[in-house]
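Student: First the structure, then my questions, so here it is.
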Number of protein chains: 2
Amino acid sequence: MTETSNAAESEAPLSGTDRTRLRRLQEEGRTDRAALHQVLAAGFLCHLGVVLDGAPMVVPTVYGATADTLYLHGSVASRSLVQAPEATVCVTVTHVDGLVLARSVFEHSVNYRCAMVYGVPRQVTDPVEKLEGLRVLTEQAAPGQWDYARRPNRKELAATTLLALDLAEASVKISADPPDDADTPDAALGLWAGQLPLRQSWDEPVADPALPSGIAAPAHIAGRTGTDYC
Amino acid sequence: MTETSNAAESEAPLSGTDRTRLRRLQEEGRTDRAALHQVLAAGFLCHLGVVLDGAPMVVPTVYGATADTLYLHGSVASRSLVQAPEATVCVTVTHVDGLVLARSVFEHSVNYRCAMVYGVPRQVTDPVEKLEGLRVLTEQAAPGQWDYARRPNRKELAATTLLALDLAEASVKISADPPDDADTPDAALGLWAGQLPLRQSWDEPVADPALPSGIAAPAHIAGRTGTDYC
């Protein structure tokens with residue numbers, strides 16, 4: 001697991017800043033924005049990194065992505081969103097696609113897709129953009145719910161912090177390769193080597209126990225069952 | 001998605017330090033170490049947060065956990081592992097279990113299990129512990145591979161940085177509830193509400209294209225197919 005499993009820290013530039021410059025394992029770096037948007041579009045959960053009192057804090061949270069903006073939200077009481085204003089954050093989205101099982105432990109790794117976005121988030125106060133950002137964020141996780149569920153009212157909007165992060169400074173790493181020790185002396189060990197893919201898919205919807213009988217899950221929810229996530 | 005989706009930042013103390021003290025949504029906090037170990041045991045990938053040049057950096061990487069220690073590793077060239085020595089890190093492990101689809105968008109959330117561990121990692125230099133830490137880390141992701149594959153040699157060990165993080169300061173959040181707006185006026189909307197579970201499972205192994213024919217995947221790998229991950 002040594003060489004590439006945490007290699008997402010070495011990434012290719014979309015922006016060319018120092019922290020997104022490629023440092024190691026250049027073959028895994030992707031420079032195109034299409035790859036960034038593919039990775040972002042495949043998920044809905046990110047890990048938001050902030051600095052609080054000099055220490056890092058990494059929090060899972062949902063996101064929504066447009067062509068140029070990543071939206072994050074949370075309670076107005078949220079430490080990670082509100083207590084770190086006008087400071088750089090790092091948002092990382094990772095999809096784990098499987099294990100790479102090589103002949104040697106050293107060459108073991110993980111196949112994954114990872115996007116890292118850096119920037120100083122902007123707090124969205126304009127009510128039109130705030131509602132639109134929440135729509136994007138809701139639809140990213142649960143397509144169809146914005147038109148189906150009751151939308152946020154004024155009081156709920158006031159209780160919600162929405163942050164917008166430019167997708168200007170970002171990097172993408174995609175690793176999707178078989179083990180690469182087939183051409184080493186370890187091949188003579190006669191061991192099996194390959195990949196063990198990991199699949200994430202949606203199960204059957206589970207109705208709220210408090211739901212009155214006779215209300216079926218709508219097609220935009222029930223239709224996801226059995227389909228792959230990310 | 002507003003209220004609980006990034007609520008992992010509000011967590012219950014295992015240690016009682018300021019940053020692991022519960023701030024919001026106390027019902028979701030878990031104080032027992034058993035819950036911490038369950039969340040850590042269920043996965044193998046974490047998001048490591050470090051501070052570099054004053055900015056946060058969040059990197060996906062594999063981990064291995066013992067009763068009291070979390071092991072992380074990487075290349076000795078790794079920025080996140082080596083360029084932030086003797087500084088606090090935050091390691092977050094998140095398993096997404098599904099969407100909580102409420103009657104109102106505001107009450108939408110995510111069911112998940114999350115552990116956050118804070119501490120100053122110790123670089124492992126003792127060769128016995130280093131090998132043992134790599135064993136723990138390898139077996140966490142791929143049980144059986146430590147005894148099957150070729151173990152690290154001296155040169156490979158020298159090229160590997162192993163960090164040990166005490167599991168002393170940590171918090172756990174587990175959210176596994178149905179929507180909670182059944183007793184609000186929104187119930188009268190007659191909308192479906194419930195959960196859409198997400199399942200992660202192992203697929204069939206895919207042999208390295210360079211593998212000679214006649215070498216079957218061993219039982220400890222092939223036997224995982226169809227089983228759930230996390």
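The chains in the structure tokens are called A, B, ... from first to last as shown; in each chain the residues are counted from 1, and the ligands are counted from 1 in the order shown.
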Extract the full set of helix (DSSP H, G or I) residues from range 35-74 of chain A according to DSSP on the backbone, and format it as a PyMOL selection string.
Tutor: chain A and resi 35-41
Student: Those same residues, written as a CSV table (one decimal), in the first residue's frame with all heavy atoms?
Tutor:
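Saved file part_5.csv follows:
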chain,number,residue,atom,x,y,z
A,35,ALA,N,-12.2,16.1,-16.3
A,35,ALA,CA,-11.9,15.1,-15.2
A,35,ALA,C,-12.4,15.6,-13.9
A,35,ALA,O,-13.0,14.8,-13.1
A,35,ALA,CB,-10.5,14.7,-15.2
A,36,LEU,N,-12.1,16.8,-13.6
A,36,LEU,CA,-12.6,17.4,-12.3
A,36,LEU,C,-14.1,17.3,-12.2
A,36,LEU,O,-14.6,16.9,-11.2
A,36,LEU,CB,-12.1,18.9,-12.2
A,36,LEU,CG,-12.7,19.7,-11.0
A,36,LEU,CD1,-12.2,19.1,-9.7
A,36,LEU,CD2,-12.4,21.2,-11.2
A,37,HIS,N,-14.8,17.7,-13.3
A,37,HIS,CA,-16.2,17.7,-13.2
A,37,HIS,C,-16.8,16.3,-13.2
A,37,HIS,O,-17.8,16.0,-12.5
A,37,HIS,CB,-16.8,18.5,-14.4
A,37,HIS,CG,-16.6,20.0,-14.1
A,37,HIS,ND1,-17.3,20.7,-13.2
A,37,HIS,CD2,-15.7,20.9,-14.7
A,37,HIS,CE1,-16.9,21.9,-13.2
A,37,HIS,NE2,-15.9,22.1,-14.1
A,38,GLN,N,-16.1,15.3,-13.8
A,38,GLN,CA,-16.5,13.9,-13.7
A,38,GLN,C,-16.4,13.4,-12.3
A,38,GLN,O,-17.4,12.8,-11.8
A,38,GLN,CB,-15.7,13.0,-14.6
A,38,GLN,CG,-16.2,13.1,-16.1
A,38,GLN,CD,-15.2,12.5,-17.0
A,38,GLN,OE1,-14.3,11.7,-16.6
A,38,GLN,NE2,-15.3,12.8,-18.3
A,39,VAL,N,-15.3,13.7,-11.6
A,39,VAL,CA,-15.2,13.3,-10.2
A,39,VAL,C,-16.2,13.9,-9.3
A,39,VAL,O,-16.8,13.3,-8.5
A,39,VAL,CB,-13.7,13.5,-9.7
A,39,VAL,CG1,-13.6,13.2,-8.2
A,39,VAL,CG2,-12.7,12.7,-10.5
A,40,LEU,N,-16.4,15.2,-9.5
A,40,LEU,CA,-17.4,15.9,-8.6
A,40,LEU,C,-18.8,15.5,-8.9
A,40,LEU,O,-19.6,15.3,-8.0
A,40,LEU,CB,-17.3,17.4,-8.8
A,40,LEU,CG,-15.9,18.1,-8.4
A,40,LEU,CD1,-16.0,19.6,-8.7
A,40,LEU,CD2,-15.6,17.8,-6.9
A,41,ALA,N,-19.1,15.2,-10.2
A,41,ALA,CA,-20.5,14.8,-10.5
A,41,ALA,C,-20.8,13.4,-10.0
A,41,ALA,O,-22.0,13.1,-9.8
A,41,ALA,CB,-20.7,14.9,-12.0
Student: As a VMD selection string, please: the residues near Pro205 in chain A (cut-off 7 Å, only C-alpha atoms, same-chain neighbours under 6 positions excluded).
Tutor: (chain A and resid 222) or (chain B and resid 194 to 197)
Student: Identify which of the residues A:Pro178, A:Pro185, A:Gly226, A:Gly74 lies closest to Ala158 in chain A, counting only C-alpha atoms when measuring atom-to-atom distances.
Tutor: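 Of A:Pro178, A:Pro185, A:Gly226, A:Gly74, the one nearest Ala158 in chain A, counting only C-alpha atoms, is A:Gly74.
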Student: In terms of the shortest atom-to-atom distance over only C-alpha atoms, which of B:Val117, B:Ala142, B:Gln123, B:Ala149 is closest to Asp186 in chain A?
Tutor: B:Ala149
Student: Identify, with DSSP run on backbone atoms, the residues in range 59-191 of chain A assigned to strand (DSSP E), and express the list as a VMD selection string.
Tutor: chain A and resid 59 to 65 69 to 75 89 to 101 109 to 119 122 to 123 160 to 166 169 to 175
Student: Write out as a ChimeraX atom specification the residues lying within 9 Å of Gly98 in chain B, counting only C-alpha atoms and excluding same-chain residues fewer than 5 positions away.
Tutor: /A:202-203 /B:109-112,176,195-199
Student: Which is closer to Ser75 in chain A than all the others in B:Phe106, B:Ile221, B:Val89, B:Val124, using only C-alpha atoms?
Tutor: B:Phe106
Student: Mind checking which residues fall within 12 Å of Arg151 in chain B, counting only C-alpha atoms, ignoring those fewer than 3 positions away in the same chain, and posting them as a ChimeraX atom specification?
Tutor: /A:1-2,102-108,186 /B:131-132,134-135,138,145-148,154-157
